[in-house]
>>> print(open('run_8.tsv').read())   # TSV, C-alpha atoms
chain	number	residue	atom	x	y	z
A	1	MET	CA	55.38	72.15	55.34
A	2	THR	CA	54.02	75.23	53.69
A	3	THR	CA	55.06	76.11	50.15
A	4	PRO	CA	58.47	77.65	50.58
A	5	ASP	CA	59.38	80.99	49.15
A	6	LEU	CA	62.61	79.81	47.58
A	7	ASP	CA	64.26	83.20	47.23
A	8	ALA	CA	63.49	83.96	50.86
A	9	LEU	CA	64.94	80.61	51.93
A	10	ALA	CA	68.16	81.24	50.04
A	11	ALA	CA	68.40	84.80	51.37
A	12	LEU	CA	67.80	83.57	54.92
A	13	THR	CA	70.60	81.03	54.57
A	14	ARG	CA	73.01	83.61	53.18
A	15	ASP	CA	72.14	86.09	55.93
A	16	TYR	CA	72.64	83.51	58.65
A	17	ALA	CA	75.93	82.33	57.12
A	18	ALA	CA	77.11	85.95	57.08
A	19	PHE	CA	76.99	85.94	60.89
A	20	GLN	CA	79.56	83.18	60.92
A	21	ALA	CA	81.69	84.67	58.17
A	22	ARG	CA	81.82	88.41	58.77
A	23	LYS	CA	79.06	89.86	60.94
A	24	SER	CA	79.48	90.08	64.70
A	25	GLY	CA	76.31	91.86	65.83
A	26	LEU	CA	76.45	92.91	69.47
A	27	ALA	CA	80.20	92.22	69.61
A	28	THR	CA	80.68	94.94	67.00
A	29	ALA	CA	78.52	97.29	69.06
A	30	LEU	CA	80.54	96.49	72.20
A	31	GLY	CA	83.79	97.01	70.29
A	32	GLY	CA	82.51	100.41	69.19
A	33	LEU	CA	81.53	101.29	72.76
A	34	ALA	CA	84.96	100.22	74.03
A	35	ALA	CA	86.62	102.36	71.35
A	36	LEU	CA	84.49	105.35	72.35
A	37	LEU	CA	85.32	104.92	76.03
A	38	LEU	CA	88.97	104.54	75.16
A	39	ALA	CA	88.97	107.68	73.07
A	40	LEU	CA	87.33	109.58	75.93
A	41	ALA	CA	89.89	108.18	78.38
A	42	ALA	CA	92.67	109.24	76.03
A	43	LEU	CA	91.32	112.79	76.00
A	44	SER	CA	91.57	113.17	79.78
A	45	PRO	CA	94.47	115.46	80.80
A	46	ARG	CA	95.78	112.90	83.24
A	47	PHE	CA	96.09	110.30	80.53
A	48	MET	CA	97.76	112.66	78.11
A	49	GLY	CA	100.12	113.99	80.80
A	50	ALA	CA	103.50	112.39	80.42
A	51	THR	CA	104.39	112.28	84.08
A	52	PHE	CA	102.08	109.50	85.14
A	53	MET	CA	99.22	107.55	83.73
A	54	GLY	CA	96.51	106.29	86.04
A	55	ARG	CA	96.84	102.60	86.71
A	56	MET	CA	93.21	101.93	85.91
A	57	VAL	CA	93.48	103.67	82.55
A	58	VAL	CA	96.60	101.77	81.62
A	59	GLU	CA	95.05	98.47	82.65
A	60	TYR	CA	91.96	99.29	80.66
A	61	LEU	CA	94.05	100.15	77.63
A	62	VAL	CA	96.07	96.99	77.86
A	63	TRP	CA	93.25	94.56	78.56
A	64	VAL	CA	90.24	95.88	76.69
A	65	PRO	CA	91.30	94.68	73.21
A	66	LEU	CA	92.04	91.22	74.54
A	67	VAL	CA	88.85	91.05	76.61
A	68	TRP	CA	86.87	92.26	73.63
A	69	LEU	CA	88.42	89.67	71.32
A	70	GLY	CA	87.47	86.89	73.76
A	71	LEU	CA	84.00	88.37	74.19
A	72	LYS	CA	83.52	88.55	70.43
A	73	GLY	CA	84.17	84.82	70.09
A	74	ALA	CA	81.95	83.95	73.04
A	75	LEU	CA	79.10	86.16	71.80
A	76	GLY	CA	79.41	84.70	68.32
A	77	ARG	CA	79.10	81.16	69.67
A	78	GLY	CA	76.43	81.95	72.27
A	79	LEU	CA	74.19	84.30	70.31
A	80	TYR	CA	74.65	83.75	66.61
A	81	ARG	CA	75.08	80.00	66.19
A	82	LYS	CA	71.94	78.76	67.88
A	83	LEU	CA	70.74	77.25	64.64
A	84	GLY	CA	73.93	75.33	63.97
A	85	SER	CA	76.85	76.00	61.72
A	86	VAL	CA	76.46	77.28	58.16
A	87	VAL	CA	79.58	77.94	56.11
A	88	ALA	CA	79.08	80.81	53.69
A	89	ALA	CA	79.66	80.22	50.00
A	90	PRO	CA	82.86	81.88	48.76
A	91	ASP	CA	82.28	85.44	47.59
A	92	VAL	CA	85.06	86.63	45.28
A	93	ARG	CA	84.03	90.28	45.36
A	94	TYR	CA	83.86	90.33	49.13
A	95	GLU	CA	87.24	88.59	49.42
A	96	ARG	CA	88.82	91.14	47.07
A	97	ARG	CA	87.34	94.02	49.06
A	98	ARG	CA	88.55	92.45	52.27
A	99	TRP	CA	92.11	92.12	50.96
A	100	PHE	CA	92.11	95.78	49.99
A	101	TRP	CA	90.98	96.62	53.49
A	102	ILE	CA	93.55	94.35	55.11
A	103	LEU	CA	96.42	95.78	53.06
A	104	GLY	CA	95.30	99.33	53.89
A	105	LEU	CA	95.12	98.43	57.55
A	106	ALA	CA	98.56	96.81	57.39
A	107	LEU	CA	100.11	99.90	55.77
A	108	PHE	CA	98.49	102.11	58.39
A	109	LEU	CA	99.86	99.88	61.15
A	110	ILE	CA	103.33	99.97	59.63
A	111	VAL	CA	103.37	103.77	59.57
A	112	VAL	CA	102.07	104.08	63.12
A	113	LEU	CA	104.36	101.42	64.58
A	114	LEU	CA	107.43	102.78	62.82
A	115	SER	CA	106.62	106.26	64.08
A	116	ALA	CA	106.28	104.86	67.58
A	117	VAL	CA	109.57	102.98	67.34
A	118	TYR	CA	111.32	106.02	65.90
A	119	ALA	CA	109.96	108.29	68.64
A	120	PHE	CA	110.84	105.74	71.28
A	121	SER	CA	114.43	105.43	70.10
A	122	GLN	CA	114.78	109.21	69.79
A	123	GLY	CA	113.49	109.73	73.31
A	124	PHE	CA	115.59	106.89	74.66
A	125	PHE	CA	118.81	108.09	73.08
A	126	GLN	CA	118.21	111.66	74.14
A	127	ALA	CA	117.70	110.51	77.69
A	128	ASN	CA	120.69	108.14	77.51
A	129	PRO	CA	123.18	109.69	75.09
A	130	ALA	CA	125.90	107.27	76.16
A	131	ARG	CA	123.84	104.33	74.84
A	132	ALA	CA	123.44	105.92	71.42
A	133	ALA	CA	127.09	105.36	70.62
A	134	LEU	CA	126.68	101.63	71.26
A	135	CYS	CA	123.68	101.22	68.95
A	136	PRO	CA	123.79	100.26	65.31
A	137	PRO	CA	123.18	103.03	62.75
A	138	PRO	CA	119.51	104.03	62.34
A	139	LEU	CA	119.44	102.42	58.90
A	140	TRP	CA	118.02	99.28	60.50
A	141	ILE	CA	114.73	101.13	60.72
A	142	LEU	CA	114.59	100.99	56.92
A	143	ALA	CA	114.39	97.22	57.11
A	144	MET	CA	111.26	97.36	59.24
A	145	PRO	CA	108.60	98.33	56.66
A	146	PRO	CA	109.20	95.26	54.49
A	147	LEU	CA	109.32	93.11	57.61
A	148	TYR	CA	105.99	94.47	58.80
A	149	LEU	CA	104.59	94.25	55.29
A	150	LEU	CA	105.46	90.56	55.20
A	151	ALA	CA	103.84	89.73	58.49
A	152	THR	CA	100.99	92.16	59.11
A	153	PRO	CA	98.48	91.31	56.35
A	154	TRP	CA	98.64	87.65	57.30
A	155	ALA	CA	98.22	88.47	60.96
A	156	VAL	CA	95.19	90.61	60.16
A	157	ARG	CA	93.81	87.96	57.80
A	158	GLY	CA	94.12	85.44	60.62
A	159	ILE	CA	91.29	87.17	62.40
A	160	GLU	CA	88.08	86.26	60.62
A	161	GLU	CA	86.43	89.65	60.61
A	162	ALA	CA	88.71	92.40	59.40
A	163	ARG	CA	86.24	95.27	59.81
A	164	VAL	CA	85.63	94.57	63.47
A	165	TYR	CA	89.28	93.85	64.01
A	166	ALA	CA	89.97	97.38	62.87
A	167	VAL	CA	88.34	98.66	66.07
A	168	LEU	CA	90.73	96.51	68.06
A	169	VAL	CA	93.69	97.72	66.04
A	170	GLY	CA	92.58	101.30	66.56
A	171	GLN	CA	92.47	100.73	70.29
A	172	SER	CA	95.88	99.10	70.32
A	173	ILE	CA	97.36	101.95	68.36
A	174	LEU	CA	95.82	104.44	70.68
A	175	TRP	CA	97.58	103.02	73.70
A	176	LEU	CA	100.77	102.27	71.84
A	177	ILE	CA	101.29	105.86	70.80
A	178	PRO	CA	101.02	107.50	74.22
A	179	LEU	CA	103.05	104.73	75.79
A	180	PHE	CA	105.89	105.09	73.35
A	181	LEU	CA	105.70	108.76	72.48
A	182	PHE	CA	104.41	110.83	75.33
A	183	SER	CA	106.07	109.05	78.20
A	184	PHE	CA	109.40	110.30	76.88
A	185	ALA	CA	108.71	113.65	75.31
A	186	PRO	CA	108.33	116.04	78.31
A	187	THR	CA	111.21	114.61	80.33
A	188	VAL	CA	113.62	115.34	77.50
A	189	PRO	CA	114.28	118.89	76.31
A	190	PRO	CA	113.35	119.08	72.63
A	191	ARG	CA	116.29	119.04	70.24
A	192	SER	CA	116.44	119.64	66.54
A	193	GLY	CA	113.84	117.60	64.68
A	194	TRP	CA	112.18	116.14	67.75
A	195	GLY	CA	109.92	119.13	68.44
A	196	SER	CA	108.36	119.18	64.99
A	197	PHE	CA	107.96	115.43	65.04
A	198	GLY	CA	106.29	115.66	68.45
A	199	ASN	CA	103.86	118.30	67.18
A	200	ALA	CA	103.02	116.27	64.10
A	201	ALA	CA	102.53	113.18	66.24
A	202	GLY	CA	100.28	115.14	68.61
A	203	ILE	CA	98.10	116.36	65.75
A	204	GLY	CA	98.10	112.87	64.27
A	205	LEU	CA	97.01	111.47	67.61
A	206	LEU	CA	94.13	113.93	67.89
A	207	VAL	CA	93.01	113.05	64.36
A	208	LEU	CA	93.27	109.38	65.26
A	209	ILE	CA	91.20	109.87	68.42
A	210	GLY	CA	88.53	111.73	66.43
A	211	THR	CA	88.53	109.04	63.77
A	212	ILE	CA	88.19	106.29	66.32
A	213	GLN	CA	85.28	108.09	67.98
A	214	ILE	CA	83.44	108.25	64.67
A	215	TRP	CA	84.52	104.71	63.89
A	216	GLY	CA	83.31	103.51	67.30
A	217	ALA	CA	79.94	105.24	66.93
A	218	LEU	CA	79.44	103.73	63.46
A	219	ALA	CA	80.45	100.30	64.75
A	220	MET	CA	77.84	100.58	67.52
A	221	ILE	CA	75.13	101.45	65.03
A	222	ARG	CA	76.18	98.71	62.62
A	223	GLY	CA	76.44	96.13	65.39
A	224	TRP	CA	72.96	96.94	66.66
A	225	LYS	CA	71.53	96.78	63.12
A	226	GLU	CA	73.19	93.39	62.59
A	227	HIS	CA	71.77	92.11	65.86
A	228	ARG	CA	68.28	93.17	64.78
A	229	GLU	CA	68.85	91.44	61.43
A	230	TYR	CA	69.63	88.27	63.34
A	231	LEU	CA	66.47	88.59	65.43
A	232	ALA	CA	64.52	89.03	62.20
A	233	ILE	CA	66.05	85.79	60.91
A	234	LEU	CA	64.90	83.96	64.03
A	235	ARG	CA	61.40	85.41	63.75
A	236	SER	CA	61.04	84.36	60.13
A	237	LEU	CA	61.70	80.69	60.80
A	238	PRO	CA	58.78	78.28	60.38
A	239	ARG	CA	57.57	76.06	63.20
A	240	VAL	CA	59.30	72.69	63.22
A	241	GLN	CA	57.06	69.65	62.62
A	242	GLU	CA	56.53	67.27	65.52
A	243	GLY	CA	57.84	63.72	65.33
B	1	MET	CA	41.77	81.43	18.25
B	2	PRO	CA	42.75	78.00	19.54
B	3	GLN	CA	44.65	77.85	22.83
B	4	PRO	CA	48.10	76.24	22.61
B	5	LYS	CA	48.15	72.80	24.19
B	6	PRO	CA	50.34	72.43	27.24
B	7	ASP	CA	53.51	70.47	26.53
B	8	LEU	CA	52.87	67.42	28.69
B	9	HIS	CA	56.28	65.99	27.94
B	10	ALA	CA	57.92	69.06	29.39
B	11	ILE	CA	55.92	68.66	32.62
B	12	LEU	CA	56.71	64.98	32.82
B	13	ASP	CA	60.39	65.70	32.24
B	14	LEU	CA	60.63	67.60	35.54
B	15	ASP	CA	63.08	65.92	37.90
B	16	ARG	CA	60.80	64.44	40.57
B	17	THR	CA	63.60	64.20	43.08
B	18	VAL	CA	63.90	67.98	42.97
B	19	HIS	CA	60.20	68.68	42.37
B	20	GLU	CA	59.07	67.49	45.83
B	21	PRO	CA	58.64	70.71	47.94
B	22	ALA	CA	60.70	69.58	50.93
B	23	ARG	CA	63.60	68.44	48.76
B	24	LEU	CA	63.35	71.60	46.68
B	25	ALA	CA	63.63	73.63	49.87
B	26	ILE	CA	66.60	71.58	51.06
B	27	LEU	CA	68.46	71.99	47.78
B	28	THR	CA	67.68	75.72	47.71
B	29	VAL	CA	69.11	76.18	51.20
B	30	LEU	CA	72.19	74.14	50.37
B	31	SER	CA	72.77	76.05	47.14
B	32	ALA	CA	73.06	79.28	49.13
B	33	ALA	CA	75.96	78.12	51.29
B	34	GLU	CA	79.11	76.06	51.24
B	35	SER	CA	77.83	73.62	53.87
B	36	VAL	CA	74.84	73.56	56.21
B	37	GLU	CA	74.38	71.77	59.51
B	38	PHE	CA	71.40	69.46	60.07
B	39	LEU	CA	69.96	71.69	62.81
B	40	PHE	CA	69.82	74.76	60.58
B	41	LEU	CA	68.29	72.78	57.74
B	42	GLN	CA	65.63	71.48	60.10
B	43	ARG	CA	64.83	74.90	61.56
B	44	VAL	CA	64.73	76.69	58.24
B	45	THR	CA	62.58	74.11	56.43
B	46	GLY	CA	60.38	73.34	59.43
B	47	LEU	CA	60.66	69.59	58.78
B	48	SER	CA	60.77	66.98	61.53
B	49	LYS	CA	64.06	65.13	62.09
B	50	GLY	CA	62.71	61.95	60.55
B	51	ASN	CA	61.31	63.70	57.52
B	52	LEU	CA	64.48	65.64	56.95
B	53	SER	CA	66.64	62.52	57.28
B	54	SER	CA	64.46	60.69	54.79
B	55	HIS	CA	64.63	63.51	52.23
B	56	THR	CA	68.38	64.04	52.59
B	57	GLN	CA	68.93	60.31	52.12
B	58	LYS	CA	66.95	60.42	48.88
B	59	LEU	CA	68.93	63.42	47.67
B	60	GLU	CA	72.19	61.74	48.61
B	61	ALA	CA	71.15	58.59	46.77
B	62	ALA	CA	70.49	60.73	43.69
B	63	GLY	CA	73.99	62.23	44.04
B	64	TYR	CA	72.63	65.72	44.72
B	65	LEU	CA	74.15	66.23	48.14
B	66	GLU	CA	76.89	64.79	50.28
B	67	THR	CA	76.84	64.25	54.02
B	68	LEU	CA	79.70	65.53	56.17
B	69	LYS	CA	80.12	63.94	59.59
B	70	ALA	CA	82.17	65.70	62.25
B	71	PHE	CA	82.41	66.05	66.02
B	72	LYS	CA	82.05	69.21	68.07
B	73	GLY	CA	83.87	68.05	71.14
B	74	ARG	CA	82.03	64.81	71.85
B	75	ILE	CA	78.83	65.76	70.10
B	76	PRO	CA	78.43	64.49	66.54
B	77	ALA	CA	77.45	67.15	64.02
B	78	THR	CA	76.04	66.29	60.60
B	79	SER	CA	76.32	68.80	57.79
B	80	PHE	CA	75.34	68.68	54.14
B	81	ARG	CA	76.86	70.09	51.00
B	82	ILE	CA	75.26	70.33	47.58
B	83	THR	CA	77.15	68.54	44.80
B	84	GLU	CA	77.77	69.88	41.31
B	85	ASP	CA	75.09	67.47	40.05
B	86	GLY	CA	72.69	68.82	42.65
B	87	ARG	CA	73.37	72.41	41.65
B	88	ALA	CA	72.92	71.56	37.98
B	89	ALA	CA	69.66	69.68	38.70
B	90	LEU	CA	68.32	72.65	40.65
B	91	GLN	CA	69.19	75.09	37.87
B	92	THR	CA	67.65	72.83	35.24
B	93	TYR	CA	64.49	72.51	37.35
B	94	HIS	CA	64.20	76.31	37.69
B	95	ARG	CA	64.69	76.73	33.94
B	96	GLN	CA	62.09	74.09	33.06
B	97	LEU	CA	59.57	75.49	35.52
B	98	ARG	CA	59.99	79.04	34.23
B	99	ALA	CA	59.41	77.78	30.67
B	100	LEU	CA	56.24	75.98	31.75
B	101	LEU	CA	54.69	78.84	33.72
B	102	PRO	CA	52.51	81.39	31.90
B	103	LYS	CA	54.21	84.68	31.15
B	104	GLU	CA	53.45	87.75	33.34
B	105	GLY	CA	49.96	89.12	32.69
B	106	LYS	CA	48.75	86.12	30.67
B	107	PRO	CA	46.36	83.50	32.09
>>> encode(input="run_8.tsv", output="structure tokens")
Amino acid sequence: MTTPDLDALAALTRDYAAFQARKSGLATALGGLAALLLALAALSPRFMGATFMGRMVVEYLVWVPLVWLGLKGALGRGLYRKLGSVVAAPDVRYERRRWFWILGLALFLIVVLLSAVYAFSQGFFQANPARAALCPPPLWILAMPPLYLLATPWAVRGIEEARVYAVLVGQSILWLIPLFLFSFAPTVPPRSGWGSFGNAAGIGLLVLIGTIQIWGALAMIRGWKEHREYLAILRSLPRVQEG
Amino acid sequence: MPQPKPDLHAILDLDRTVHEPARLAILTVLSAAESVEFLFLQRVTGLSKGNLSSHTQKLEAAGYLETLKAFKGRIPATSFRITEDGRAALQTYHRQLRALLPKEGKP
């Protein structure tokens, strides 16, 4: 063998291990593309209209996160493990950063999901006032944040790559909100409190769509860069000796 | 002005298990990860299977790495992990070598 450049060898190993620990390459790019398409679909008047959502759009919204998650795993195994498995050395700083990210994501999810549940129950009870009398007082909603807070970070942590998972979460939120919020709003005449909440939710949704578009575009760029990094790793490998 | 004589003892003190280029490369790769599969080690060092096996056996005998056997479905997969002794030996080797090499800009 030729005299090895030891620093380069160590760097190569760390870079390759990163693909099994946190980088997803083309899967990230595809996730970004899916998020962009989803945001564009969400902007179409038909989708935003509360009367009816196109079947194709709804199916896309429901299935794309799951398809993407499966695709991410398959791409990871097929594209980025050709040289065998390398487990990355523990990185305390990265782990700490990741936990910050996960907790932030969990808090964001809690706010969005609670808003969706609140809007859903408001819409439901306005449409069916007779049922409202049978329901427990709305205080039960107060118990939900701690419940979500207990479960969500661990659920997010369960997925290996939190940054890429954020794209999936963004997509899920995007179809959760219209499903829960907008399918009820126009059929029910606004009452006190509901109108302002609806406006705030609408603005929030537009901000979310914009954020996800930027997020998706950045994910595409990052994914493509990571894929090129991986190709560079493959190119830098020495020829294996015969025998 | 007389040139300082090289410290031969310091050169002879180098750990020969680590000093061999292939084994040095193997230990360097292993030190950069938690565990490394045989295939990656082979591709990144460019060694043949036989050569790599021979060197990993020597390093294992010295207590510098441990072999992890597992199955991926029905296919056996061999991985390696550097031990604390191996990491210490590698660090000591780097330190000794740096002390032996001439300083920047001096012959």
>>> interface_residues(input="run_8.tsv", of="chain B", to="chain A", cutoff="8 Å", atoms="all atoms listed in the file", output="ChimeraX atom specification")
/B:21-22,25,28-29,31-40,42-50
>>> residues_around(input="run_8.tsv", residues="Leu68 (chain B)", least_positions_apart="2", cutoff="12 Å", atoms="all atoms listed in the file", output="PyMOL selection string")
chain B and resi 34-38+56+60+65-66+70-71+76-82
>>> axis_aligned_box(input="run_8.tsv", around="region 14-31 of chain B", padding_each_side="5 Å", output="lines of an AutoDock Vina configuration file")
center_x = 65.7
center_y = 70.2
center_z = 43.4
size_x = 24.1
size_y = 22.0
size_z = 25.7
>>> atom_distance(input="run_8.tsv", atom1="CA of Tyr80 (chain A)", atom2="CA of Phe19 (chain A)")
6.6 Å
>>> atom_distance(input="run_8.tsv", atom1="CA of Ala219 (chain A)", atom2="CA of Gly25 (chain A)")
9.5 Å
>>> closest_residue(input="run_8.tsv", among="B:Lys69, B:Arg74, B:His55, B:Arg98", to="Leu27 (chain B)", atoms="all atoms listed in the file")
B:His55
>>> residues_around(input="run_8.tsv", residues="Ala217 (chain A)", least_positions_apart="5", cutoff="8 Å", atoms="only C-alpha atoms", output="NGL selection string")
:A and (32-33 or 36)
>>> closest_residue(input="run_8.tsv", among="B:Leu30, B:Leu52, B:Val18, B:Tyr64", to="Glu84 (chain B)", atoms="only C-alpha atoms")
B:Tyr64
